[in-house]
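Visitor: Below is structure_26.cif; it holds mmCIF, C-alpha atoms.
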```
data_data
#
loop_
_atom_site.label_atom_id
_atom_site.label_comp_id
_atom_site.auth_asym_id
_atom_site.auth_seq_id
_atom_site.Cartn_x
_atom_site.Cartn_y
_atom_site.Cartn_z
CA MET A 1 0.00 0.00 0.00
CA LEU A 2 2.93 2.37 0.59
CA GLU A 3 3.83 2.25 -3.10
CA SER A 4 0.26 3.08 -4.17
CA PHE A 5 0.05 5.79 -1.52
CA LEU A 6 3.17 7.50 -2.88
CA GLN A 7 2.08 7.08 -6.50
CA ILE A 8 -1.29 8.72 -5.87
CA LEU A 9 0.40 11.51 -3.92
CA ILE A 10 2.79 12.12 -6.83
CA ILE A 11 -0.11 12.23 -9.30
CA LEU A 12 -1.89 14.76 -7.05
CA LEU A 13 1.21 16.92 -6.75
CA ALA A 14 1.87 16.77 -10.49
CA ALA A 15 -1.70 17.67 -11.44
CA ASN A 16 -1.60 20.68 -9.16
CA GLY A 17 1.98 21.68 -9.93
CA ALA A 18 1.83 21.34 -13.73
CA PRO A 19 -0.04 24.64 -14.23
CA VAL A 20 2.65 26.49 -12.25
CA ILE A 21 5.42 24.89 -14.32
CA ALA A 22 3.53 25.57 -17.57
CA ALA A 23 3.20 29.25 -16.59
CA LEU A 24 6.96 29.44 -15.98
CA LEU A 25 7.78 27.74 -19.27
CA PHE A 26 5.28 29.49 -21.53
CA ARG A 27 4.98 32.84 -19.72
CA SER A 28 2.01 34.66 -21.25
CA ARG A 29 1.58 32.31 -24.25
CA GLY A 30 -1.66 30.36 -24.03
CA GLN A 31 -2.82 32.30 -20.99
CA LEU A 32 -6.54 32.34 -21.78
CA ALA A 33 -8.62 32.47 -18.60
CA ILE A 34 -11.14 29.65 -18.21
CA ASP A 35 -13.81 32.16 -17.18
CA LEU A 36 -12.92 34.40 -20.16
CA GLY A 37 -12.85 37.37 -17.78
CA ARG A 38 -16.50 37.06 -16.80
CA GLN A 39 -17.61 38.68 -13.57
CA LEU A 40 -20.56 37.79 -11.40
CA PRO A 41 -23.00 40.39 -10.00
CA ASP A 42 -20.76 40.70 -6.92
CA GLY A 43 -18.20 42.41 -9.19
CA HIS A 44 -15.57 39.71 -8.78
CA PRO A 45 -14.36 37.32 -11.49
CA LEU A 46 -15.90 33.88 -11.69
CA PHE A 47 -12.52 32.16 -11.11
CA GLY A 48 -9.84 34.74 -11.88
CA SER A 49 -7.15 35.28 -14.46
CA SER A 50 -4.77 32.68 -13.00
CA LYS A 51 -7.10 29.77 -13.92
CA THR A 52 -6.22 29.17 -17.57
CA TRP A 53 -6.94 26.62 -20.26
CA ARG A 54 -3.17 26.09 -20.50
CA GLY A 55 -3.09 25.19 -16.80
CA LEU A 56 -6.01 22.80 -17.17
CA ALA A 57 -4.39 21.09 -20.16
CA SER A 58 -1.04 20.78 -18.39
CA ALA A 59 -2.70 19.27 -15.29
CA LEU A 60 -4.56 16.70 -17.39
CA LEU A 61 -1.44 15.85 -19.37
CA ALA A 62 0.74 15.47 -16.26
CA SER A 63 -1.76 13.33 -14.35
CA CYS A 64 -2.44 11.18 -17.42
CA ALA A 65 1.27 10.64 -18.13
CA LEU A 66 2.06 9.68 -14.54
CA SER A 67 -1.00 7.46 -14.34
CA LEU A 68 0.20 5.60 -17.41
CA PHE A 69 3.71 5.37 -15.97
CA PHE A 70 2.39 3.91 -12.70
CA GLY A 71 0.13 1.45 -14.53
CA TYR A 72 -3.26 2.93 -13.62
CA GLY A 73 -4.15 3.75 -17.22
CA PRO A 74 -4.96 7.03 -18.98
CA VAL A 75 -8.61 7.22 -17.89
CA PHE A 76 -7.62 7.17 -14.22
CA GLY A 77 -5.16 9.99 -14.89
CA LEU A 78 -7.63 12.10 -16.83
CA ILE A 79 -10.34 11.72 -14.19
CA SER A 80 -7.88 12.40 -11.36
CA GLY A 81 -6.54 15.49 -13.11
CA ALA A 82 -10.04 16.73 -13.94
CA LEU A 83 -11.16 16.29 -10.32
CA ALA A 84 -8.05 18.08 -9.06
CA MET A 85 -8.76 21.00 -11.38
CA ALA A 86 -12.47 20.98 -10.48
CA GLY A 87 -11.45 21.28 -6.82
CA ASP A 88 -9.01 24.06 -7.71
CA LEU A 89 -11.74 25.94 -9.59
CA LEU A 90 -14.11 25.47 -6.64
CA SER A 91 -11.56 26.95 -4.25
CA SER A 92 -10.93 29.87 -6.62
CA PHE A 93 -14.66 30.48 -6.92
CA VAL A 94 -15.00 30.60 -3.11
CA LYS A 95 -11.95 32.82 -2.75
CA ARG A 96 -13.30 35.30 -5.32
CA ARG A 97 -16.63 35.43 -3.47
CA ARG A 98 -14.67 36.25 -0.31
CA GLY A 99 -12.96 39.10 -2.17
CA LEU A 100 -9.54 37.46 -2.25
CA ALA A 101 -7.33 38.07 -5.27
CA PRO A 102 -5.74 35.25 -7.29
CA SER A 103 -2.76 33.82 -5.41
CA ASP A 104 -3.91 35.27 -2.06
CA ARG A 105 -3.32 32.77 0.71
CA SER A 106 -6.24 30.79 2.07
CA THR A 107 -4.83 27.82 3.92
CA GLY A 108 -7.09 24.81 3.55
CA TRP A 109 -9.14 26.26 0.67
CA ASP A 110 -5.97 26.30 -1.43
CA GLN A 111 -5.26 22.58 -0.93
CA ILE A 112 -8.17 20.49 0.30
CA PRO A 113 -10.70 20.69 -2.57
CA GLU A 114 -8.02 20.07 -5.22
CA SER A 115 -6.68 17.05 -3.35
CA LEU A 116 -9.74 15.57 -1.67
CA LEU A 117 -11.86 15.11 -4.81
CA PRO A 118 -9.25 13.06 -6.71
CA SER A 119 -8.29 11.27 -3.49
CA ILE A 120 -11.85 10.04 -3.01
CA TYR A 121 -11.81 8.80 -6.60
CA ALA A 122 -8.43 7.09 -6.09
CA ALA A 123 -9.64 5.32 -2.94
CA ALA A 124 -12.69 4.02 -4.80
CA PHE A 125 -10.61 3.06 -7.85
CA LEU A 126 -8.09 1.15 -5.72
CA GLY A 127 -10.77 -0.36 -3.50
CA VAL A 128 -9.25 0.94 -0.26
CA ALA A 129 -10.97 2.39 2.80
CA TRP A 130 -12.41 5.91 2.49
CA TRP A 131 -10.08 7.30 5.14
CA TRP A 132 -7.14 6.88 2.75
CA ALA A 133 -8.63 9.80 0.81
CA ILE A 134 -8.35 11.97 3.92
CA ILE A 135 -4.77 10.85 4.54
CA TRP A 136 -3.83 11.58 0.90
CA SER A 137 -5.45 15.01 1.13
CA LEU A 138 -3.75 15.92 4.41
CA THR A 139 -0.38 14.64 3.18
CA PHE A 140 -0.83 16.59 -0.04
CA THR A 141 -1.65 19.74 1.94
CA LEU A 142 1.50 19.51 4.07
CA THR A 143 3.71 18.53 1.13
CA GLN A 144 2.32 21.30 -1.07
CA MET A 145 2.95 23.89 1.65
CA LEU A 146 6.56 22.75 2.02
CA LEU A 147 7.14 22.54 -1.75
CA SER A 148 5.69 26.02 -2.25
CA ARG A 149 8.22 27.49 0.16
CA PHE A 150 11.03 25.59 -1.57
CA MET A 151 9.87 26.75 -5.00
CA TYR A 152 9.73 30.33 -3.71
CA TRP A 153 13.28 29.99 -2.43
CA LEU A 154 14.32 28.81 -5.93
CA HIS A 155 12.47 31.84 -7.41
CA LEU A 156 10.01 29.56 -9.19
CA ARG A 157 7.05 31.02 -7.30
CA LYS A 158 6.24 34.65 -6.63
CA ARG A 159 4.96 33.95 -3.12
CA PRO A 160 6.05 31.40 -0.49
CA TYR A 161 2.57 29.80 -0.39
#
```
Now that the file is in, can you turn its structure into structure tokens?

Guide:
Amino acid sequence: MLESFLQILIILLAANGAPVIAALLFRSRGQLAIDLGRQLPDGHPLFGSSKTWRGLASALLASCALSLFFGYGPVFGLISGALAMAGDLLSSFVKRRRGLAPSDRSTGWDQIPESLLPSIYAAAFLGVAWWWAIIWSLTFTLTQMLLSRFMYWLHLRKRPY
């Protein structure tokens, strides 16, 4: 189970880290916002300018490639990546409603939806107990927080979170 645990964690980290890496590699190329700049009646964007089609595509590609590499198949990777990005969009939607700007820190909202949704799917796919999804999500949250600080130190992120 340790091997599967680490593989799922790596897929989660890759799905959520791929958009950041794509932004570094491609800069402003392909930076079309998923919400196309739409605003809701509250005056805030639906998701914000940092949620791009390029980021979505890179997350799906990364999770699919790793899923194939680990032997789970491409469908598992695509669904996992899509759920991670759905959770990320949900957290962005909530943050915009709270008046927070893209990339503003919101511990918990920045990690849990994007890790818990694919973790629940992974637990069902692997036929393991539901609480593994919670452990994956909590481990992802801690790992992501540490990696964000490290990436900031390497000047790969603009903020340490």

Visitor: To one decimal place in Å, what is the distance between atom CA of Ala65 of chain A and atom CA of Leu89 of chain A?

Guide: 21.8 Å

Visitor: Ranking A:Leu36, A:Ile134, A:Ala22, A:Met145 by minimum distance to Ser49 of chain A and counting all atoms listed in the file, which one comes first?

Guide: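 That would be A:Leu36, the residue with the smallest distance to Ser49 of chain A.
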
Visitor: Need the neighbours of (-11.9, 34.3, -3.5): which residues are at most 10 Å away, counting all atoms listed in the file, as number ranges by chain?

Guide: A: 44-48, 90-106, 109

Visitor: Between A:Ala82, A:Leu154, A:Val75, A:Ala57, which has the minimum distance to Phe125 of chain A (counting all atoms listed in the file)?

Guide: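 With all atoms listed in the file as the atom set, the closest residue is A:Val75.
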
Visitor: Which residues of segment 29-94 of chain A have any atom within 12 Å of an atom in segment 3-7 of chain A when counting all atoms listed in the file, and what is the closest pair of atoms for each, with the distance in Å to one decimal? Order the rows by chain and rising number and write it as a Markdown table.

Guide:
```
| residue | atom | partner | partner_atom | distance |
| --- | --- | --- | --- | --- |
| A:Ser63 | CA | A:Gln7 | CA | 10.7 |
| A:Leu66 | CA | A:Gln7 | CA | 8.4 |
| A:Ser67 | CA | A:Gln7 | CA | 8.4 |
| A:Leu68 | CA | A:Gln7 | CA | 11.2 |
| A:Phe69 | CA | A:Gln7 | CA | 9.8 |
| A:Phe70 | CA | A:Gln7 | CA | 7.0 |
| A:Gly71 | CA | A:Gln7 | CA | 10.0 |
| A:Tyr72 | CA | A:Gln7 | CA | 9.8 |
| A:Gly77 | CA | A:Gln7 | CA | 11.5 |
```

Visitor: Give the answer as one residue: which of A:Leu9, A:Leu78, A:Leu40, A:Glu114 has the shortest atom-to-atom distance to Phe140 of chain A, using all atoms listed in the file?

Guide: A:Leu9

Visitor: Measuring atom to atom with all atoms listed in the file, identify which of A:Leu142, A:Leu147, A:Ile34, A:Leu116 is nearest to Gly17 of chain A.

Guide: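 Counting all atoms listed in the file, the residue closest to Gly17 of chain A is A:Leu147.
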
Visitor: Please, what distance in Å, to one decimal, runs between atom CA of Phe76 of chain A and atom CA of Thr139 of chain A?

Guide: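 These atoms are spaced 20.3 Å apart.
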
Visitor: Calculate how many Å separate atom CA of Cys64 of chain A from atom CA of Ala122 of chain A, rounding to one decimal.

Guide: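 One can read the atom CA of Cys64 of chain A to atom CA of Ala122 of chain A distance as 13.5 Å.
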
Visitor: So that all listed atoms of segment 121-131 of chain A fit with 5 Å spare on each side, what axis-aligned box centre and edge lengths in Å, to one decimal, would you give as lines of an AutoDock Vina configuration file?

Guide:
```
center_x = -10.4
center_y = 4.2
center_z = -1.4
size_x = 14.6
size_y = 19.2
size_z = 23.0
```

Visitor: I need the residue nearest Leu138 of chain A from this list: A:Leu12, A:Met85, A:Leu32, A:Ala124. Use all atoms listed in the file for the distance.

Guide: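 When distances to Leu138 of chain A are compared using all atoms listed in the file, the smallest one comes from A:Leu12.
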
Visitor: Have a look at A:Ala84, A:Ile112, A:Ile79, A:Ala62 and name the one nearest to Ile135 of chain A; count all atoms listed in the file.

Guide: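 The closest residue to Ile135 of chain A is A:Ile112.
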
Visitor: Run the PyMOL selection byres ((chain A and resi 56) around 9) against the file shown and list the residues it catches, as number ranges by chain.

Guide: A: 15, 18-19, 34, 51-55, 57-61, 81-82, 85

Visitor: From the block you just saw, export segment 34-151 of chain A: C-alpha atoms, as a PDB file, in the first residue's frame.

Guide:
```pdb
ATOM      1  CA  ILE A  34     -11.141  29.651 -18.207  1.00  0.00           C
ATOM      2  CA  ASP A  35     -13.810  32.163 -17.176  1.00  0.00           C
ATOM      3  CA  LEU A  36     -12.918  34.398 -20.159  1.00  0.00           C
ATOM      4  CA  GLY A  37     -12.850  37.372 -17.781  1.00  0.00           C
ATOM      5  CA  ARG A  38     -16.499  37.064 -16.796  1.00  0.00           C
ATOM      6  CA  GLN A  39     -17.610  38.676 -13.570  1.00  0.00           C
ATOM      7  CA  LEU A  40     -20.562  37.795 -11.402  1.00  0.00           C
ATOM      8  CA  PRO A  41     -22.999  40.386 -10.004  1.00  0.00           C
ATOM      9  CA  ASP A  42     -20.761  40.695  -6.917  1.00  0.00           C
ATOM     10  CA  GLY A  43     -18.197  42.410  -9.191  1.00  0.00           C
ATOM     11  CA  HIS A  44     -15.572  39.706  -8.778  1.00  0.00           C
ATOM     12  CA  PRO A  45     -14.362  37.320 -11.489  1.00  0.00           C
ATOM     13  CA  LEU A  46     -15.902  33.877 -11.685  1.00  0.00           C
ATOM     14  CA  PHE A  47     -12.516  32.157 -11.106  1.00  0.00           C
ATOM     15  CA  GLY A  48      -9.839  34.744 -11.880  1.00  0.00           C
ATOM     16  CA  SER A  49      -7.148  35.278 -14.461  1.00  0.00           C
ATOM     17  CA  SER A  50      -4.772  32.676 -12.996  1.00  0.00           C
ATOM     18  CA  LYS A  51      -7.102  29.771 -13.916  1.00  0.00           C
ATOM     19  CA  THR A  52      -6.225  29.174 -17.567  1.00  0.00           C
ATOM     20  CA  TRP A  53      -6.944  26.616 -20.258  1.00  0.00           C
ATOM     21  CA  ARG A  54      -3.175  26.086 -20.497  1.00  0.00           C
ATOM     22  CA  GLY A  55      -3.092  25.190 -16.803  1.00  0.00           C
ATOM     23  CA  LEU A  56      -6.010  22.804 -17.173  1.00  0.00           C
ATOM     24  CA  ALA A  57      -4.394  21.089 -20.163  1.00  0.00           C
ATOM     25  CA  SER A  58      -1.040  20.782 -18.390  1.00  0.00           C
ATOM     26  CA  ALA A  59      -2.698  19.269 -15.288  1.00  0.00           C
ATOM     27  CA  LEU A  60      -4.560  16.698 -17.388  1.00  0.00           C
ATOM     28  CA  LEU A  61      -1.438  15.853 -19.368  1.00  0.00           C
ATOM     29  CA  ALA A  62       0.737  15.466 -16.259  1.00  0.00           C
ATOM     30  CA  SER A  63      -1.757  13.326 -14.348  1.00  0.00           C
ATOM     31  CA  CYS A  64      -2.444  11.178 -17.417  1.00  0.00           C
ATOM     32  CA  ALA A  65       1.272  10.639 -18.133  1.00  0.00           C
ATOM     33  CA  LEU A  66       2.057   9.675 -14.541  1.00  0.00           C
ATOM     34  CA  SER A  67      -1.003   7.464 -14.335  1.00  0.00           C
ATOM     35  CA  LEU A  68       0.196   5.595 -17.415  1.00  0.00           C
ATOM     36  CA  PHE A  69       3.710   5.370 -15.972  1.00  0.00           C
ATOM     37  CA  PHE A  70       2.392   3.906 -12.701  1.00  0.00           C
ATOM     38  CA  GLY A  71       0.128   1.454 -14.527  1.00  0.00           C
ATOM     39  CA  TYR A  72      -3.264   2.928 -13.624  1.00  0.00           C
ATOM     40  CA  GLY A  73      -4.151   3.754 -17.225  1.00  0.00           C
ATOM     41  CA  PRO A  74      -4.960   7.032 -18.979  1.00  0.00           C
ATOM     42  CA  VAL A  75      -8.606   7.217 -17.889  1.00  0.00           C
ATOM     43  CA  PHE A  76      -7.618   7.170 -14.215  1.00  0.00           C
ATOM     44  CA  GLY A  77      -5.158   9.988 -14.888  1.00  0.00           C
ATOM     45  CA  LEU A  78      -7.629  12.098 -16.833  1.00  0.00           C
ATOM     46  CA  ILE A  79     -10.336  11.719 -14.191  1.00  0.00           C
ATOM     47  CA  SER A  80      -7.883  12.403 -11.357  1.00  0.00           C
ATOM     48  CA  GLY A  81      -6.541  15.493 -13.106  1.00  0.00           C
ATOM     49  CA  ALA A  82     -10.037  16.731 -13.940  1.00  0.00           C
ATOM     50  CA  LEU A  83     -11.157  16.285 -10.324  1.00  0.00           C
ATOM     51  CA  ALA A  84      -8.048  18.085  -9.058  1.00  0.00           C
ATOM     52  CA  MET A  85      -8.760  21.001 -11.377  1.00  0.00           C
ATOM     53  CA  ALA A  86     -12.472  20.984 -10.483  1.00  0.00           C
ATOM     54  CA  GLY A  87     -11.450  21.276  -6.821  1.00  0.00           C
ATOM     55  CA  ASP A  88      -9.015  24.056  -7.705  1.00  0.00           C
ATOM     56  CA  LEU A  89     -11.744  25.944  -9.586  1.00  0.00           C
ATOM     57  CA  LEU A  90     -14.110  25.465  -6.641  1.00  0.00           C
ATOM     58  CA  SER A  91     -11.562  26.951  -4.249  1.00  0.00           C
ATOM     59  CA  SER A  92     -10.927  29.867  -6.618  1.00  0.00           C
ATOM     60  CA  PHE A  93     -14.664  30.481  -6.918  1.00  0.00           C
ATOM     61  CA  VAL A  94     -15.003  30.596  -3.113  1.00  0.00           C
ATOM     62  CA  LYS A  95     -11.947  32.822  -2.747  1.00  0.00           C
ATOM     63  CA  ARG A  96     -13.298  35.297  -5.318  1.00  0.00           C
ATOM     64  CA  ARG A  97     -16.629  35.426  -3.473  1.00  0.00           C
ATOM     65  CA  ARG A  98     -14.672  36.248  -0.312  1.00  0.00           C
ATOM     66  CA  GLY A  99     -12.958  39.102  -2.171  1.00  0.00           C
ATOM     67  CA  LEU A 100      -9.544  37.461  -2.248  1.00  0.00           C
ATOM     68  CA  ALA A 101      -7.326  38.074  -5.268  1.00  0.00           C
ATOM     69  CA  PRO A 102      -5.739  35.254  -7.288  1.00  0.00           C
ATOM     70  CA  SER A 103      -2.759  33.819  -5.412  1.00  0.00           C
ATOM     71  CA  ASP A 104      -3.915  35.270  -2.063  1.00  0.00           C
ATOM     72  CA  ARG A 105      -3.322  32.774   0.711  1.00  0.00           C
ATOM     73  CA  SER A 106      -6.238  30.793   2.065  1.00  0.00           C
ATOM     74  CA  THR A 107      -4.831  27.817   3.925  1.00  0.00           C
ATOM     75  CA  GLY A 108      -7.090  24.814   3.548  1.00  0.00           C
ATOM     76  CA  TRP A 109      -9.137  26.259   0.669  1.00  0.00           C
ATOM     77  CA  ASP A 110      -5.966  26.297  -1.430  1.00  0.00           C
ATOM     78  CA  GLN A 111      -5.261  22.585  -0.927  1.00  0.00           C
ATOM     79  CA  ILE A 112      -8.167  20.490   0.297  1.00  0.00           C
ATOM     80  CA  PRO A 113     -10.700  20.693  -2.569  1.00  0.00           C
ATOM     81  CA  GLU A 114      -8.023  20.067  -5.215  1.00  0.00           C
ATOM     82  CA  SER A 115      -6.680  17.055  -3.351  1.00  0.00           C
ATOM     83  CA  LEU A 116      -9.739  15.565  -1.673  1.00  0.00           C
ATOM     84  CA  LEU A 117     -11.858  15.110  -4.807  1.00  0.00           C
ATOM     85  CA  PRO A 118      -9.251  13.064  -6.707  1.00  0.00           C
ATOM     86  CA  SER A 119      -8.286  11.265  -3.488  1.00  0.00           C
ATOM     87  CA  ILE A 120     -11.849  10.038  -3.010  1.00  0.00           C
ATOM     88  CA  TYR A 121     -11.815   8.802  -6.603  1.00  0.00           C
ATOM     89  CA  ALA A 122      -8.428   7.093  -6.092  1.00  0.00           C
ATOM     90  CA  ALA A 123      -9.641   5.324  -2.939  1.00  0.00           C
ATOM     91  CA  ALA A 124     -12.692   4.015  -4.798  1.00  0.00           C
ATOM     92  CA  PHE A 125     -10.611   3.055  -7.845  1.00  0.00           C
ATOM     93  CA  LEU A 126      -8.086   1.147  -5.717  1.00  0.00           C
ATOM     94  CA  GLY A 127     -10.771  -0.361  -3.497  1.00  0.00           C
ATOM     95  CA  VAL A 128      -9.252   0.945  -0.264  1.00  0.00           C
ATOM     96  CA  ALA A 129     -10.967   2.393   2.801  1.00  0.00           C
ATOM     97  CA  TRP A 130     -12.413   5.907   2.491  1.00  0.00           C
ATOM     98  CA  TRP A 131     -10.083   7.300   5.143  1.00  0.00           C
ATOM     99  CA  TRP A 132      -7.143   6.878   2.749  1.00  0.00           C
ATOM    100  CA  ALA A 133      -8.629   9.802   0.811  1.00  0.00           C
ATOM    101  CA  ILE A 134      -8.347  11.966   3.918  1.00  0.00           C
ATOM    102  CA  ILE A 135      -4.774  10.846   4.545  1.00  0.00           C
ATOM    103  CA  TRP A 136      -3.833  11.583   0.905  1.00  0.00           C
ATOM    104  CA  SER A 137      -5.449  15.005   1.133  1.00  0.00           C
ATOM    105  CA  LEU A 138      -3.748  15.925   4.414  1.00  0.00           C
ATOM    106  CA  THR A 139      -0.379  14.640   3.184  1.00  0.00           C
ATOM    107  CA  PHE A 140      -0.834  16.589  -0.039  1.00  0.00           C
ATOM    108  CA  THR A 141      -1.646  19.740   1.945  1.00  0.00           C
ATOM    109  CA  LEU A 142       1.502  19.505   4.071  1.00  0.00           C
ATOM    110  CA  THR A 143       3.708  18.529   1.127  1.00  0.00           C
ATOM    111  CA  GLN A 144       2.323  21.295  -1.067  1.00  0.00           C
ATOM    112  CA  MET A 145       2.948  23.888   1.650  1.00  0.00           C
ATOM    113  CA  LEU A 146       6.564  22.749   2.018  1.00  0.00           C
ATOM    114  CA  LEU A 147       7.143  22.537  -1.748  1.00  0.00           C
ATOM    115  CA  SER A 148       5.685  26.022  -2.253  1.00  0.00           C
ATOM    116  CA  ARG A 149       8.218  27.490   0.161  1.00  0.00           C
ATOM    117  CA  PHE A 150      11.033  25.589  -1.568  1.00  0.00           C
ATOM    118  CA  MET A 151       9.866  26.751  -5.001  1.00  0.00           C
TER     119      MET A 151
END
```
